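Next comes my_file22.txt, a file with compact mmCIF, N, CA and C atoms.
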# COMPACT_ATOMS: atom_id res chain seq x y z
N MET A 1 253.29 -83.13 228.37
CA MET A 1 252.24 -82.16 228.19
C MET A 1 252.71 -80.83 228.77
N ALA A 2 252.49 -79.75 228.07
CA ALA A 2 252.94 -78.42 228.49
C ALA A 2 251.96 -77.83 229.50
N ARG A 3 252.51 -77.07 230.43
CA ARG A 3 251.69 -76.40 231.43
C ARG A 3 251.15 -75.10 230.85
N VAL A 4 249.86 -74.86 231.03
CA VAL A 4 249.24 -73.65 230.51
C VAL A 4 249.34 -72.57 231.58
N GLU A 5 249.88 -71.42 231.19
CA GLU A 5 249.97 -70.27 232.10
C GLU A 5 248.63 -69.56 232.15
N MET A 6 248.22 -69.17 233.35
CA MET A 6 246.91 -68.53 233.50
C MET A 6 246.97 -67.03 233.28
N GLY A 7 248.10 -66.41 233.39
CA GLY A 7 248.21 -64.98 233.13
C GLY A 7 247.89 -64.14 234.35
N PRO A 8 247.38 -62.90 234.11
CA PRO A 8 247.16 -61.96 235.20
C PRO A 8 246.18 -62.43 236.27
N GLY A 9 245.25 -63.31 235.91
CA GLY A 9 244.27 -63.80 236.87
C GLY A 9 244.72 -65.05 237.59
N ASP A 10 246.00 -65.30 237.61
CA ASP A 10 246.55 -66.51 238.22
C ASP A 10 246.23 -66.56 239.71
N PRO A 11 245.55 -67.62 240.18
CA PRO A 11 245.21 -67.70 241.61
C PRO A 11 246.42 -67.89 242.50
N GLY A 12 247.59 -68.15 241.93
CA GLY A 12 248.79 -68.29 242.75
C GLY A 12 249.22 -66.97 243.38
N GLY A 13 248.78 -65.85 242.84
CA GLY A 13 249.16 -64.54 243.35
C GLY A 13 248.10 -63.90 244.21
N LEU A 14 247.33 -64.71 244.92
CA LEU A 14 246.23 -64.16 245.72
C LEU A 14 246.71 -63.35 246.92
N GLU A 15 247.97 -63.47 247.30
CA GLU A 15 248.46 -62.69 248.43
C GLU A 15 248.53 -61.20 248.12
N GLU A 16 248.37 -60.84 246.85
CA GLU A 16 248.39 -59.43 246.46
C GLU A 16 247.08 -58.73 246.80
N PHE A 17 246.02 -59.49 246.98
CA PHE A 17 244.70 -58.91 247.17
C PHE A 17 244.37 -58.78 248.65
N ASP A 18 243.42 -57.92 248.94
CA ASP A 18 243.02 -57.65 250.31
C ASP A 18 242.15 -58.77 250.85
N GLY A 19 242.36 -59.07 252.12
CA GLY A 19 241.58 -60.09 252.77
C GLY A 19 240.29 -59.50 253.34
N PRO A 20 239.43 -60.36 253.85
CA PRO A 20 238.16 -59.90 254.41
C PRO A 20 238.33 -58.92 255.56
N SER A 21 239.36 -59.08 256.38
CA SER A 21 239.53 -58.17 257.51
C SER A 21 239.92 -56.77 257.05
N GLU A 22 240.77 -56.68 256.00
CA GLU A 22 241.14 -55.37 255.48
C GLU A 22 239.95 -54.67 254.83
N VAL A 23 239.15 -55.44 254.10
CA VAL A 23 237.98 -54.88 253.44
C VAL A 23 236.96 -54.42 254.49
N ALA A 24 236.77 -55.20 255.54
CA ALA A 24 235.83 -54.81 256.60
C ALA A 24 236.31 -53.55 257.31
N ALA A 25 237.61 -53.44 257.55
CA ALA A 25 238.15 -52.24 258.20
C ALA A 25 237.97 -51.02 257.31
N ALA A 26 238.19 -51.18 256.02
CA ALA A 26 237.99 -50.06 255.09
C ALA A 26 236.51 -49.66 255.04
N ALA A 27 235.62 -50.63 255.06
CA ALA A 27 234.18 -50.34 255.05
C ALA A 27 233.76 -49.60 256.32
N ARG A 28 234.30 -50.02 257.47
CA ARG A 28 233.97 -49.32 258.73
C ARG A 28 234.48 -47.88 258.68
N THR A 29 235.67 -47.68 258.16
CA THR A 29 236.21 -46.32 258.07
C THR A 29 235.39 -45.47 257.11
N GLN A 30 235.00 -46.04 255.97
CA GLN A 30 234.17 -45.30 255.02
C GLN A 30 232.81 -44.96 255.62
N ARG A 31 232.25 -45.87 256.41
CA ARG A 31 230.97 -45.60 257.07
C ARG A 31 231.11 -44.46 258.08
N ARG A 32 232.21 -44.46 258.83
CA ARG A 32 232.46 -43.39 259.79
C ARG A 32 232.62 -42.04 259.09
N ILE A 33 233.30 -42.03 257.98
CA ILE A 33 233.46 -40.80 257.20
C ILE A 33 232.10 -40.32 256.69
N ALA A 34 231.31 -41.24 256.14
CA ALA A 34 229.99 -40.88 255.60
C ALA A 34 229.08 -40.33 256.69
N LEU A 35 229.10 -40.95 257.87
CA LEU A 35 228.25 -40.45 258.96
C LEU A 35 228.70 -39.08 259.44
N GLY A 36 230.00 -38.84 259.46
CA GLY A 36 230.51 -37.53 259.85
C GLY A 36 230.07 -36.44 258.88
N TYR A 37 230.18 -36.72 257.59
CA TYR A 37 229.75 -35.74 256.60
C TYR A 37 228.23 -35.60 256.57
N ALA A 38 227.49 -36.66 256.86
CA ALA A 38 226.04 -36.55 256.95
C ALA A 38 225.63 -35.66 258.12
N LEU A 39 226.36 -35.74 259.21
CA LEU A 39 226.08 -34.86 260.35
C LEU A 39 226.34 -33.40 259.99
N ILE A 40 227.44 -33.14 259.29
CA ILE A 40 227.73 -31.77 258.86
C ILE A 40 226.64 -31.28 257.90
N PHE A 41 226.18 -32.14 257.00
CA PHE A 41 225.11 -31.80 256.07
C PHE A 41 223.82 -31.45 256.82
N ALA A 42 223.46 -32.28 257.79
CA ALA A 42 222.24 -32.03 258.56
C ALA A 42 222.33 -30.74 259.37
N LEU A 43 223.49 -30.48 259.96
CA LEU A 43 223.66 -29.22 260.69
C LEU A 43 223.55 -28.01 259.79
N ALA A 44 224.07 -28.11 258.57
CA ALA A 44 223.97 -27.00 257.63
C ALA A 44 222.52 -26.75 257.23
N ILE A 45 221.78 -27.83 256.99
CA ILE A 45 220.37 -27.69 256.62
C ILE A 45 219.56 -27.10 257.77
N LEU A 46 219.80 -27.57 258.98
CA LEU A 46 219.03 -27.11 260.13
C LEU A 46 219.43 -25.72 260.61
N SER A 47 220.60 -25.25 260.21
CA SER A 47 221.05 -23.94 260.68
C SER A 47 220.20 -22.80 260.12
N VAL A 48 219.68 -22.95 258.91
CA VAL A 48 218.89 -21.87 258.30
C VAL A 48 217.60 -21.61 259.09
N PRO A 49 216.77 -22.60 259.38
CA PRO A 49 215.56 -22.30 260.16
C PRO A 49 215.87 -21.88 261.60
N VAL A 50 216.93 -22.45 262.18
CA VAL A 50 217.29 -22.06 263.55
C VAL A 50 217.70 -20.59 263.58
N LEU A 51 218.50 -20.17 262.61
CA LEU A 51 218.90 -18.76 262.55
C LEU A 51 217.70 -17.86 262.28
N SER A 52 216.77 -18.30 261.45
CA SER A 52 215.58 -17.50 261.16
C SER A 52 214.70 -17.32 262.39
N LEU A 53 214.64 -18.34 263.24
CA LEU A 53 213.82 -18.24 264.45
C LEU A 53 214.52 -17.49 265.58
N SER A 54 215.84 -17.56 265.63
CA SER A 54 216.54 -16.97 266.76
C SER A 54 217.09 -15.57 266.50
N LEU A 55 217.38 -15.22 265.28
CA LEU A 55 217.92 -13.90 264.96
C LEU A 55 216.96 -13.15 264.04
N PRO A 56 216.31 -12.12 264.55
CA PRO A 56 215.33 -11.40 263.72
C PRO A 56 215.96 -10.74 262.49
N TRP A 57 217.20 -10.28 262.59
CA TRP A 57 217.81 -9.62 261.45
C TRP A 57 218.15 -10.60 260.33
N TRP A 58 218.22 -11.90 260.63
CA TRP A 58 218.58 -12.92 259.63
C TRP A 58 217.55 -12.96 258.50
N SER A 59 216.29 -12.78 258.84
CA SER A 59 215.27 -12.77 257.80
C SER A 59 214.62 -11.41 257.63
N GLY A 60 214.97 -10.45 258.48
CA GLY A 60 214.35 -9.13 258.39
C GLY A 60 215.17 -8.09 257.66
N SER A 61 216.46 -8.16 257.70
CA SER A 61 217.30 -7.17 257.01
C SER A 61 217.37 -7.46 255.52
N ARG A 62 217.84 -6.50 254.77
CA ARG A 62 217.89 -6.64 253.30
C ARG A 62 219.31 -6.46 252.81
N LEU A 63 219.68 -7.27 251.84
CA LEU A 63 221.00 -7.20 251.22
C LEU A 63 220.86 -6.83 249.76
N LEU A 64 221.35 -7.65 248.91
CA LEU A 64 221.36 -7.44 247.48
C LEU A 64 219.95 -7.43 246.90
N GLY A 65 219.54 -6.32 246.33
CA GLY A 65 218.25 -6.26 245.66
C GLY A 65 217.06 -6.55 246.55
N GLY A 66 217.16 -6.27 247.82
CA GLY A 66 216.06 -6.49 248.75
C GLY A 66 215.95 -7.91 249.27
N MET A 67 216.96 -8.74 249.03
CA MET A 67 216.91 -10.12 249.52
C MET A 67 217.48 -10.18 250.94
N SER A 68 216.88 -11.00 251.76
CA SER A 68 217.35 -11.18 253.14
C SER A 68 218.58 -12.09 253.14
N PRO A 69 219.40 -12.01 254.21
CA PRO A 69 220.54 -12.93 254.31
C PRO A 69 220.11 -14.40 254.26
N SER A 70 218.98 -14.71 254.84
CA SER A 70 218.47 -16.08 254.81
C SER A 70 218.20 -16.53 253.38
N PHE A 71 217.58 -15.67 252.59
CA PHE A 71 217.27 -16.01 251.20
C PHE A 71 218.55 -16.18 250.39
N VAL A 72 219.51 -15.31 250.60
CA VAL A 72 220.78 -15.41 249.86
C VAL A 72 221.49 -16.72 250.18
N VAL A 73 221.48 -17.10 251.45
CA VAL A 73 222.12 -18.36 251.85
C VAL A 73 221.39 -19.55 251.23
N VAL A 74 220.06 -19.53 251.28
CA VAL A 74 219.29 -20.64 250.73
C VAL A 74 219.38 -20.67 249.20
N ALA A 75 219.37 -19.52 248.56
CA ALA A 75 219.38 -19.46 247.09
C ALA A 75 220.73 -19.84 246.49
N GLY A 76 221.83 -19.55 247.16
CA GLY A 76 223.12 -19.83 246.56
C GLY A 76 224.17 -20.36 247.50
N GLY A 77 224.17 -19.89 248.72
CA GLY A 77 225.22 -20.26 249.66
C GLY A 77 225.23 -21.74 250.00
N LEU A 78 224.05 -22.31 250.18
CA LEU A 78 224.00 -23.73 250.52
C LEU A 78 224.48 -24.61 249.37
N TYR A 79 224.19 -24.19 248.14
CA TYR A 79 224.65 -24.98 246.99
C TYR A 79 226.17 -24.99 246.91
N ALA A 80 226.77 -23.84 247.13
CA ALA A 80 228.24 -23.77 247.13
C ALA A 80 228.82 -24.60 248.28
N PHE A 81 228.18 -24.53 249.44
CA PHE A 81 228.63 -25.31 250.59
C PHE A 81 228.50 -26.81 250.32
N PHE A 82 227.38 -27.23 249.71
CA PHE A 82 227.17 -28.65 249.43
C PHE A 82 228.16 -29.15 248.37
N LEU A 83 228.49 -28.31 247.41
CA LEU A 83 229.49 -28.70 246.42
C LEU A 83 230.84 -28.91 247.09
N ALA A 84 231.24 -27.98 247.93
CA ALA A 84 232.51 -28.11 248.65
C ALA A 84 232.49 -29.32 249.58
N LEU A 85 231.38 -29.56 250.25
CA LEU A 85 231.25 -30.71 251.14
C LEU A 85 231.34 -32.02 250.37
N GLY A 86 230.69 -32.09 249.22
CA GLY A 86 230.75 -33.30 248.40
C GLY A 86 232.15 -33.58 247.87
N VAL A 87 232.83 -32.54 247.42
CA VAL A 87 234.20 -32.71 246.93
C VAL A 87 235.12 -33.15 248.07
N ALA A 88 234.96 -32.55 249.23
CA ALA A 88 235.79 -32.93 250.38
C ALA A 88 235.53 -34.37 250.80
N ALA A 89 234.27 -34.78 250.83
CA ALA A 89 233.93 -36.15 251.23
C ALA A 89 234.47 -37.16 250.22
N ALA A 90 234.31 -36.88 248.93
CA ALA A 90 234.80 -37.80 247.91
C ALA A 90 236.32 -37.90 247.93
N THR A 91 236.99 -36.78 248.12
CA THR A 91 238.44 -36.78 248.16
C THR A 91 238.95 -37.58 249.35
N LEU A 92 238.35 -37.36 250.52
CA LEU A 92 238.77 -38.10 251.70
C LEU A 92 238.48 -39.59 251.56
N ALA A 93 237.30 -39.93 251.04
CA ALA A 93 236.94 -41.34 250.89
C ALA A 93 237.89 -42.04 249.91
N ARG A 94 238.21 -41.39 248.81
CA ARG A 94 239.12 -41.98 247.83
C ARG A 94 240.51 -42.14 248.43
N SER A 95 240.95 -41.15 249.18
CA SER A 95 242.27 -41.22 249.80
C SER A 95 242.36 -42.35 250.82
N VAL A 96 241.34 -42.47 251.65
CA VAL A 96 241.31 -43.53 252.66
C VAL A 96 241.29 -44.90 252.00
N GLU A 97 240.47 -45.05 250.96
CA GLU A 97 240.41 -46.33 250.27
C GLU A 97 241.74 -46.66 249.61
N GLY A 98 242.38 -45.67 249.01
CA GLY A 98 243.67 -45.90 248.38
C GLY A 98 244.75 -46.30 249.36
N ARG A 99 244.70 -45.74 250.57
CA ARG A 99 245.69 -46.08 251.57
C ARG A 99 245.42 -47.41 252.25
N MET A 100 244.15 -47.74 252.44
CA MET A 100 243.80 -48.95 253.20
C MET A 100 243.75 -50.20 252.34
N LEU A 101 243.40 -50.05 251.08
CA LEU A 101 243.26 -51.22 250.22
C LEU A 101 244.31 -51.16 249.12
N GLY A 102 244.93 -52.29 248.85
CA GLY A 102 245.95 -52.35 247.81
C GLY A 102 245.32 -52.56 246.45
N THR A 103 246.14 -52.46 245.43
CA THR A 103 245.69 -52.74 244.08
C THR A 103 246.55 -53.85 243.52
N SER A 104 246.03 -54.54 242.54
CA SER A 104 246.79 -55.64 241.94
C SER A 104 247.78 -55.09 240.92
N ASP A 105 248.76 -55.89 240.57
CA ASP A 105 249.77 -55.47 239.60
C ASP A 105 249.24 -55.47 238.18
N ASP A 106 248.13 -56.13 237.91
CA ASP A 106 247.62 -56.19 236.54
C ASP A 106 246.80 -54.95 236.16
N ASP A 107 246.65 -54.00 237.08
CA ASP A 107 245.98 -52.75 236.75
C ASP A 107 246.91 -51.91 235.88
N ASP A 108 246.39 -51.45 234.75
CA ASP A 108 247.21 -50.65 233.85
C ASP A 108 247.16 -49.17 234.16
N HIS A 109 246.29 -48.76 235.05
CA HIS A 109 246.15 -47.34 235.36
C HIS A 109 246.11 -47.13 236.87
N GLU A 110 246.43 -45.91 237.26
CA GLU A 110 246.37 -45.55 238.68
C GLU A 110 245.08 -44.78 238.91
N LEU A 111 244.67 -44.73 240.16
CA LEU A 111 243.51 -43.92 240.51
C LEU A 111 243.88 -42.46 240.37
N PRO A 112 243.02 -41.64 239.76
CA PRO A 112 243.31 -40.20 239.68
C PRO A 112 243.23 -39.57 241.05
N ARG A 113 244.07 -38.60 241.28
CA ARG A 113 244.08 -37.93 242.58
C ARG A 113 243.44 -36.60 242.51
The structure given in the file should be rewritten as structure tokens.
Amino acid sequence: MARVEMGPGDPGGLEEFDGPSEVAAAARTQRRIALGYALIFALAILSVPVLSLSLPWWSGSRLLGGMSPSFVVVAGGLYAFFLALGVAAATLARSVEGRMLGTSDDDDHELPR
């Protein structure tokens, strides 16, 4: 009787995959990254009212078209900051995951960088 080959999903090659300890370490690192970026996000959100209460010129002076610096930051600056923060967080998380966790040989594509 001929032996049937299982192909790419062959359980004989399980040493290629990450074990529970590697996955747990990667999850802890990703959680630490997420909490760090959440702290930066919260500080950015809270900085606008703190600046409005502590610096009179922050909401009293006028810039473009009679808008205060506080309004300009809330209307556009925070969105640009959040976009940059999201891109930085995603890039770091993907990089950490790529370095900490291996991939199997049956993957036909690489992760985009």
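With only C-alpha atoms as the atoms that count, the residue of A:Gly77, A:Gly86, A:Val96, A:Thr91 with the shortest distance to A:Val48 is A:Gly77.
Residue nearest A:Tyr37, chosen from A:Leu51, A:Pro56, A:Leu63, A:Leu85 and counting all atoms listed in the file: A:Leu85.
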Please, what distance in Å, to one decimal, runs between atom C of A:Val87 and atom CA of A:Gly102?
-> 22.0 Å
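Between atom C of A:Tyr79 and atom CA of A:Ala34 there is a distance of 18.5 Å.
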